[in-house]
Structure formats: C-alpha cells, structure tokens
$ cat structure_25.pdb   # PDB, C-alpha atoms and all ligand atoms
ATOM      1  CA  MET O1450    -213.956  16.821  30.829  1.00  0.00           C
ATOM      2  CA  PHE O1451    -212.134  17.059  27.527  1.00  0.00           C
ATOM      3  CA  ILE O1452    -210.328  13.786  28.222  1.00  0.00           C
ATOM      4  CA  LEU O1453    -213.637  12.068  28.988  1.00  0.00           C
ATOM      5  CA  LEU O1454    -215.124  13.357  25.758  1.00  0.00           C
ATOM      6  CA  LEU O1455    -212.102  12.181  23.812  1.00  0.00           C
ATOM      7  CA  LEU O1456    -212.407   8.764  25.418  1.00  0.00           C
ATOM      8  CA  LEU O1457    -216.071   8.540  24.452  1.00  0.00           C
ATOM      9  CA  VAL O1458    -215.222   9.435  20.868  1.00  0.00           C
ATOM     10  CA  VAL O1459    -212.547   6.740  20.779  1.00  0.00           C
ATOM     11  CA  ILE O1460    -214.976   4.152  22.158  1.00  0.00           C
ATOM     12  CA  ALA O1461    -217.649   5.158  19.631  1.00  0.00           C
ATOM     13  CA  GLU O1462    -215.088   4.921  16.826  1.00  0.00           C
ATOM     14  CA  SER O1463    -213.927   1.468  17.773  1.00  0.00           C
ATOM     15  CA  ALA O1464    -217.496   0.168  18.069  1.00  0.00           C
ATOM     16  CA  SER O1465    -218.546   1.380  14.630  1.00  0.00           C
ATOM     17  CA  SER O1466    -215.600   0.337  12.490  1.00  0.00           C
ATOM     18  CA  PRO O1467    -214.091  -3.142  12.048  1.00  0.00           C
ATOM     19  CA  ALA O1468    -210.981  -3.931  14.054  1.00  0.00           C
ATOM     20  CA  ARG O1469    -207.778  -4.488  12.111  1.00  0.00           C
ATOM     21  CA  CYS O1470    -204.184  -5.350  12.908  1.00  0.00           C
ATOM     22  CA  GLY O1471    -201.967  -3.035  10.874  1.00  0.00           C
ATOM     23  CA  THR O1472    -202.610  -3.978   7.256  1.00  0.00           C
ATOM     24  CA  PHE O1473    -204.436  -7.147   8.274  1.00  0.00           C
ATOM     25  CA  THR O1474    -208.136  -6.459   7.676  1.00  0.00           C
ATOM     26  CA  ARG O1475    -211.260  -8.627   7.788  1.00  0.00           C
ATOM     27  CA  ARG O1476    -210.942  -9.089   4.014  1.00  0.00           C
ATOM     28  CA  LYS O1477    -207.519 -10.677   4.526  1.00  0.00           C
ATOM     29  CA  ALA O1478    -208.909 -12.892   7.278  1.00  0.00           C
ATOM     30  CA  VAL O1479    -211.598 -14.125   4.874  1.00  0.00           C
ATOM     31  CA  GLN O1480    -208.934 -14.990   2.276  1.00  0.00           C
ATOM     32  CA  CYS O1481    -207.038 -16.866   4.981  1.00  0.00           C
ATOM     33  CA  PHE O1482    -210.122 -18.876   6.001  1.00  0.00           C
ATOM     34  CA  ASP O1483    -210.791 -19.768   2.357  1.00  0.00           C
ATOM     35  CA  VAL O1484    -207.384 -21.417   2.142  1.00  0.00           C
ATOM     36  CA  LEU O1485    -206.941 -22.850   5.627  1.00  0.00           C
ATOM     37  CA  ALA O1486    -210.432 -23.587   6.934  1.00  0.00           C
ATOM     38  CA  ASP O1487    -212.829 -24.154   4.018  1.00  0.00           C
ATOM     39  CA  LEU O1488    -212.076 -27.828   3.510  1.00  0.00           C
ATOM     40  CA  ASN O1489    -214.912 -28.620   1.070  1.00  0.00           C
ATOM     41  CA  CYS O1490    -214.420 -25.418  -0.982  1.00  0.00           C
ATOM     42  CA  ASP O1491    -218.028 -24.226  -0.660  1.00  0.00           C
ATOM     43  CA  ARG O1492    -216.822 -20.804   0.596  1.00  0.00           C
ATOM     44  CA  PHE O1493    -218.581 -21.291   3.917  1.00  0.00           C
ATOM     45  CA  ILE O1494    -217.036 -22.271   7.239  1.00  0.00           C
ATOM     46  CA  ASP O1495    -219.190 -24.657   9.263  1.00  0.00           C
ATOM     47  CA  ALA O1496    -218.717 -25.989  12.800  1.00  0.00           C
ATOM     48  CA  PRO O1497    -216.730 -29.132  11.822  1.00  0.00           C
ATOM     49  CA  GLU O1498    -214.414 -27.012   9.635  1.00  0.00           C
ATOM     50  CA  LEU O1499    -213.893 -24.653  12.568  1.00  0.00           C
ATOM     51  CA  GLU O1500    -213.011 -27.618  14.789  1.00  0.00           C
ATOM     52  CA  ALA O1501    -210.550 -28.907  12.192  1.00  0.00           C
ATOM     53  CA  PHE O1502    -208.990 -25.446  11.872  1.00  0.00           C
ATOM     54  CA  LYS O1503    -208.475 -25.301  15.639  1.00  0.00           C
ATOM     55  CA  SER O1504    -206.793 -28.682  15.778  1.00  0.00           C
ATOM     56  CA  ASN O1505    -204.702 -28.317  12.599  1.00  0.00           C
ATOM     57  CA  HIS O1506    -203.457 -24.738  12.649  1.00  0.00           C
ATOM     58  CA  LEU O1507    -202.928 -23.648  16.250  1.00  0.00           C
ATOM     59  CA  THR O1508    -199.806 -23.937  18.329  1.00  0.00           C
ATOM     60  CA  TYR O1509    -200.095 -25.385  21.813  1.00  0.00           C
ATOM     61  CA  ALA O1510    -200.077 -21.875  23.335  1.00  0.00           C
ATOM     62  CA  GLU O1511    -202.705 -20.571  20.900  1.00  0.00           C
ATOM     63  CA  HIS O1512    -204.820 -23.605  21.564  1.00  0.00           C
ATOM     64  CA  ALA O1513    -204.815 -22.764  25.277  1.00  0.00           C
ATOM     65  CA  ILE O1514    -206.229 -19.314  24.498  1.00  0.00           C
ATOM     66  CA  ILE O1515    -208.544 -20.134  21.622  1.00  0.00           C
ATOM     67  CA  ALA O1516    -209.867 -23.541  22.615  1.00  0.00           C
ATOM     68  CA  VAL O1517    -211.585 -21.941  25.611  1.00  0.00           C
ATOM     69  CA  ILE O1518    -213.763 -20.108  23.090  1.00  0.00           C
ATOM     70  CA  SER O1519    -216.194 -22.842  22.126  1.00  0.00           C
ATOM     71  CA  THR O1520    -217.054 -23.525  18.515  1.00  0.00           C
ATOM     72  CA  GLU O1521    -220.704 -22.900  19.467  1.00  0.00           C
ATOM     73  CA  LYS O1522    -219.806 -19.413  20.653  1.00  0.00           C
ATOM     74  CA  ILE O1523    -217.830 -18.631  17.514  1.00  0.00           C
ATOM     75  CA  MET O1524    -220.747 -19.803  15.364  1.00  0.00           C
ATOM     76  CA  LYS O1525    -223.163 -17.738  17.453  1.00  0.00           C
ATOM     77  CA  ASP O1526    -220.980 -14.612  17.194  1.00  0.00           C
ATOM     78  CA  CYS O1527    -219.941 -14.917  13.544  1.00  0.00           C
ATOM     79  CA  ASP O1528    -222.824 -16.652  11.736  1.00  0.00           C
ATOM     80  CA  LEU O1529    -224.980 -13.557  11.350  1.00  0.00           C
ATOM     81  CA  ASN O1530    -227.904 -15.072   9.441  1.00  0.00           C
ATOM     82  CA  LYS O1531    -227.900 -18.204  11.630  1.00  0.00           C
ATOM     83  CA  ASP O1532    -227.897 -20.749   8.814  1.00  0.00           C
ATOM     84  CA  GLY O1533    -225.207 -22.829  10.508  1.00  0.00           C
ATOM     85  CA  LYS O1534    -222.274 -21.712   8.360  1.00  0.00           C
ATOM     86  CA  ILE O1535    -220.130 -18.595   8.227  1.00  0.00           C
ATOM     87  CA  SER O1536    -220.172 -16.942   4.806  1.00  0.00           C
ATOM     88  CA  HIS O1537    -217.866 -14.156   3.631  1.00  0.00           C
ATOM     89  CA  GLU O1538    -220.734 -11.714   4.221  1.00  0.00           C
ATOM     90  CA  ASP O1539    -221.391 -13.067   7.725  1.00  0.00           C
ATOM     91  CA  PHE O1540    -217.762 -12.513   8.682  1.00  0.00           C
ATOM     92  CA  MET O1541    -217.394  -9.110   7.003  1.00  0.00           C
ATOM     93  CA  ASN O1542    -220.540  -7.813   8.721  1.00  0.00           C
ATOM     94  CA  SER O1543    -220.155  -9.370  12.166  1.00  0.00           C
ATOM     95  CA  PHE O1544    -217.370  -7.039  13.310  1.00  0.00           C
ATOM     96  CA  GLN O1545    -219.389  -6.007  16.383  1.00  0.00           C
ATOM     97  CA  SER O1546    -219.732  -9.563  17.683  1.00  0.00           C
ATOM     98  CA  CYS O1547    -217.012 -11.708  16.049  1.00  0.00           C
ATOM     99  CA  VAL O1548    -213.267 -10.888  16.327  1.00  0.00           C
ATOM    100  CA  ILE O1549    -214.122  -7.431  17.605  1.00  0.00           C
ATOM    101  CA  ASP O1550    -210.855  -5.983  18.840  1.00  0.00           C
ATOM    102  CA  SER O1551    -207.423  -5.430  17.385  1.00  0.00           C
ATOM    103  CA  SER O1552    -205.719  -7.878  19.756  1.00  0.00           C
ATOM    104  CA  GLU O1553    -207.935 -10.670  18.384  1.00  0.00           C
ATOM    105  CA  MET O1554    -207.228  -9.503  14.827  1.00  0.00           C
ATOM    106  CA  CYS O1555    -203.494  -9.581  15.578  1.00  0.00           C
ATOM    107  CA  ARG O1556    -203.762 -13.114  16.943  1.00  0.00           C
ATOM    108  CA  LEU O1557    -205.540 -14.138  13.755  1.00  0.00           C
ATOM    109  CA  LYS O1558    -202.888 -12.363  11.657  1.00  0.00           C
ATOM    110  CA  THR O1559    -200.121 -14.292  13.401  1.00  0.00           C
ATOM    111  CA  ILE O1560    -201.863 -17.624  12.766  1.00  0.00           C
ATOM    112  CA  CYS O1561    -202.665 -16.811   9.130  1.00  0.00           C
ATOM    113  CA  GLU O1562    -199.214 -15.523   8.228  1.00  0.00           C
ATOM    114  CA  ARG O1563    -197.552 -18.567   9.745  1.00  0.00           C
ATOM    115  CA  GLU O1564    -199.968 -21.194   8.435  1.00  0.00           C
ATOM    116  CA  LEU O1565    -200.289 -19.759   4.921  1.00  0.00           C
ATOM    117  CA  VAL O1566    -196.574 -20.326   4.313  1.00  0.00           C
ATOM    118  CA  GLY O1567    -196.417 -23.341   2.034  1.00  0.00           C
ATOM    119  CA  ALA O1568    -200.220 -23.747   2.018  1.00  0.00           C
ATOM    120  CA  ASN O1569    -201.865 -24.576  -1.304  1.00  0.00           C
ATOM    121  CA  THR O1570    -203.600 -21.275  -2.043  1.00  0.00           C
ATOM    122  CA  HIS O1571    -205.107 -22.636  -5.277  1.00  0.00           C
ATOM    123  CA  ARG O1572    -206.637 -25.688  -3.630  1.00  0.00           C
ATOM    124  CA  CYS O1573    -210.182 -24.437  -4.294  1.00  0.00           C
ATOM    125  CA  PRO O1574    -211.310 -23.308  -7.784  1.00  0.00           C
ATOM    126  CA  GLN O1575    -211.813 -19.530  -7.902  1.00  0.00           C
TER
HETATM  127 CA    CA O1601    -216.812 -25.208   3.817  1.00  0.00          CA
HETATM  128 CA    CA O1602    -224.386 -17.803   7.790  1.00  0.00          CA
END
$ encode --input "structure_25.pdb" --output "structure tokens" --more "lines below"
Ligand SMILES: [Ca+2]
Ligand SMILES: [Ca+2]
Amino acid sequence: MFILLLLLVVIAESASSPARCGTFTRRKAVQCFDVLADLNCDRFIDAPELEAFKSNHLTYAEHAIIAVISTEKIMKDCDLNKDGKISHEDFMNSFQSCVIDSSEMCRLKTICERELVGANTHRCPQ
C-alpha cells in the first residue's frame, strides 16, 4: 500500500513539473534552439526550421529515432497557442505535451551539446 502511494506521488510529481536531464533544463533547450534552429532570427521555430534542424543536426542513429516523430506532431505538441510557430513561451509551457520525459530531455541535451560546439552563438542579434 505504501509503495503504491509512493508510486502515485512520483507520477503526480513528474506530470506537474518539467522534465530535465541533470542541469539541462527547458531554458537551456530554448537557448539551443535559438542558435541551432531559428534560422531567420525571429525567435520562433516554424515547421520548415524544424525540418532543417532535423536534417542538419542529427546523426544517422538519432535521425532513425527522431524522424519517426513527424514535424506535424512536434508542432501540435509544442505550439501551444497554435499560431504555426513555437515561441519561447510555447516551449517553456508545453512540458506536459512536448519533450515530456527525462529521456527525451537527455537526447536533446546530447544533440545540443554536440552541435553547439563551434556554432556561431552570436549569429542572431540579442
Ligand atoms: Ca524562426
Ligand atoms: Ca506558437
């Protein structure tokens, strides 16, 4: 009984707070997208930018896992206000539908840490 209760508490916890991977939080993921995915520097990620991110920044193995998640699904899960582009706010607040668990956050962390090496972090004006 106690174990069951504990399990329920853990499930409730994980559903109400954003997933993270160690020190890699949603805020860090947003900073990563700004550099690697926001090609026109408008601080939004749209479907074509998502497609470009998939083809430019994933290894063959990652592509096999991530390409099965369609861009339409990512937009549906992450674009909270449904205006066709993912804003910082959309991503920060969509933690119950978009990149919801720590294994997905860790996958994102791996991609960001690798791809940010040598990337032009000042490409877009602040
Ligand atoms: Ca953009
Ligand atoms: Ca949006």
$ closest_residue --input "structure_25.pdb" --among "O:Glu1498, O:Gly1471, O:His1537, O:Cys1547" --to "Lys1522 of chain O" --atoms "all atoms listed in the file"
O:Cys1547
$ closest_atom_pairs --input "structure_25.pdb" --of "chain O" --to "ligand CA 1602 (chain O)" --cutoff "12 Å" --atoms "all atoms listed in the file" --output "Markdown table"
| residue | atom | partner | partner_atom | distance |
| --- | --- | --- | --- | --- |
| O:Arg1492 | CA | O:CA1602 | CA | 10.9 |
| O:Phe1493 | CA | O:CA1602 | CA | 7.8 |
| O:Ile1494 | CA | O:CA1602 | CA | 8.6 |
| O:Asp1495 | CA | O:CA1602 | CA | 8.7 |
| O:Ala1496 | CA | O:CA1602 | CA | 11.1 |
| O:Ile1523 | CA | O:CA1602 | CA | 11.8 |
| O:Met1524 | CA | O:CA1602 | CA | 8.6 |
| O:Lys1525 | CA | O:CA1602 | CA | 9.7 |
| O:Asp1526 | CA | O:CA1602 | CA | 10.5 |
| O:Cys1527 | CA | O:CA1602 | CA | 7.8 |
| O:Asp1528 | CA | O:CA1602 | CA | 4.4 |
| O:Leu1529 | CA | O:CA1602 | CA | 5.6 |
| O:Asn1530 | CA | O:CA1602 | CA | 4.7 |
| O:Lys1531 | CA | O:CA1602 | CA | 5.2 |
| O:Asp1532 | CA | O:CA1602 | CA | 4.7 |
| O:Gly1533 | CA | O:CA1602 | CA | 5.8 |
| O:Lys1534 | CA | O:CA1602 | CA | 4.5 |
| O:Ile1535 | CA | O:CA1602 | CA | 4.4 |
| O:Ser1536 | CA | O:CA1602 | CA | 5.2 |
| O:His1537 | CA | O:CA1602 | CA | 8.6 |
| O:Glu1538 | CA | O:CA1602 | CA | 7.9 |
| O:Asp1539 | CA | O:CA1602 | CA | 5.6 |
| O:Phe1540 | CA | O:CA1602 | CA | 8.5 |
| O:Met1541 | CA | O:CA1602 | CA | 11.2 |
| O:Asn1542 | CA | O:CA1602 | CA | 10.7 |
| O:Ser1543 | CA | O:CA1602 | CA | 10.4 |
$ atom_distance --input "structure_25.pdb" --atom1 "atom CA of Ala1468 of chain O" --atom2 "atom CA of Pro1574 of chain O"
29.2 Å
$ residues_around --input "structure_25.pdb" --residues "Asn1569 of chain O" --least-positions-apart "5" --cutoff "12 Å" --atoms "only C-alpha atoms" --output "ChimeraX atom specification"
/O:1481,1483-1486,1488,1564,1574
$ atom_distance --input "structure_25.pdb" --atom1 "atom CA of Tyr1509 of chain O" --atom2 "atom CA of Thr1570 of chain O"
24.5 Å
$ atom_distance --input "structure_25.pdb" --atom1 "atom CA of Thr1520 of chain O" --atom2 "atom CA of Glu1500 of chain O"
6.9 Å
$ resolve_selection --input "structure_25.pdb" --expression "the PyMOL selection byres (((chain O and resi 1557-1559) around 10) and not hetatm)" --output "list in words"
Arg1469, Cys1470, Gly1471, Thr1472, Phe1473, Thr1474, Arg1475, Lys1477, Ala1478, Cys1481, Val1548, Ser1551, Ser1552, Glu1553, Met1554, Cys1555, Arg1556, Ile1560, Cys1561, Glu1562, Arg1563 and Glu1564 of chain O
$ closest_residue --input "structure_25.pdb" --among "O:Gln1480, O:Leu1499, O:Asp1487, O:Ser1466" --to "ligand CA 1601 (chain O)" --atoms "all atoms listed in the file"
O:Asp1487
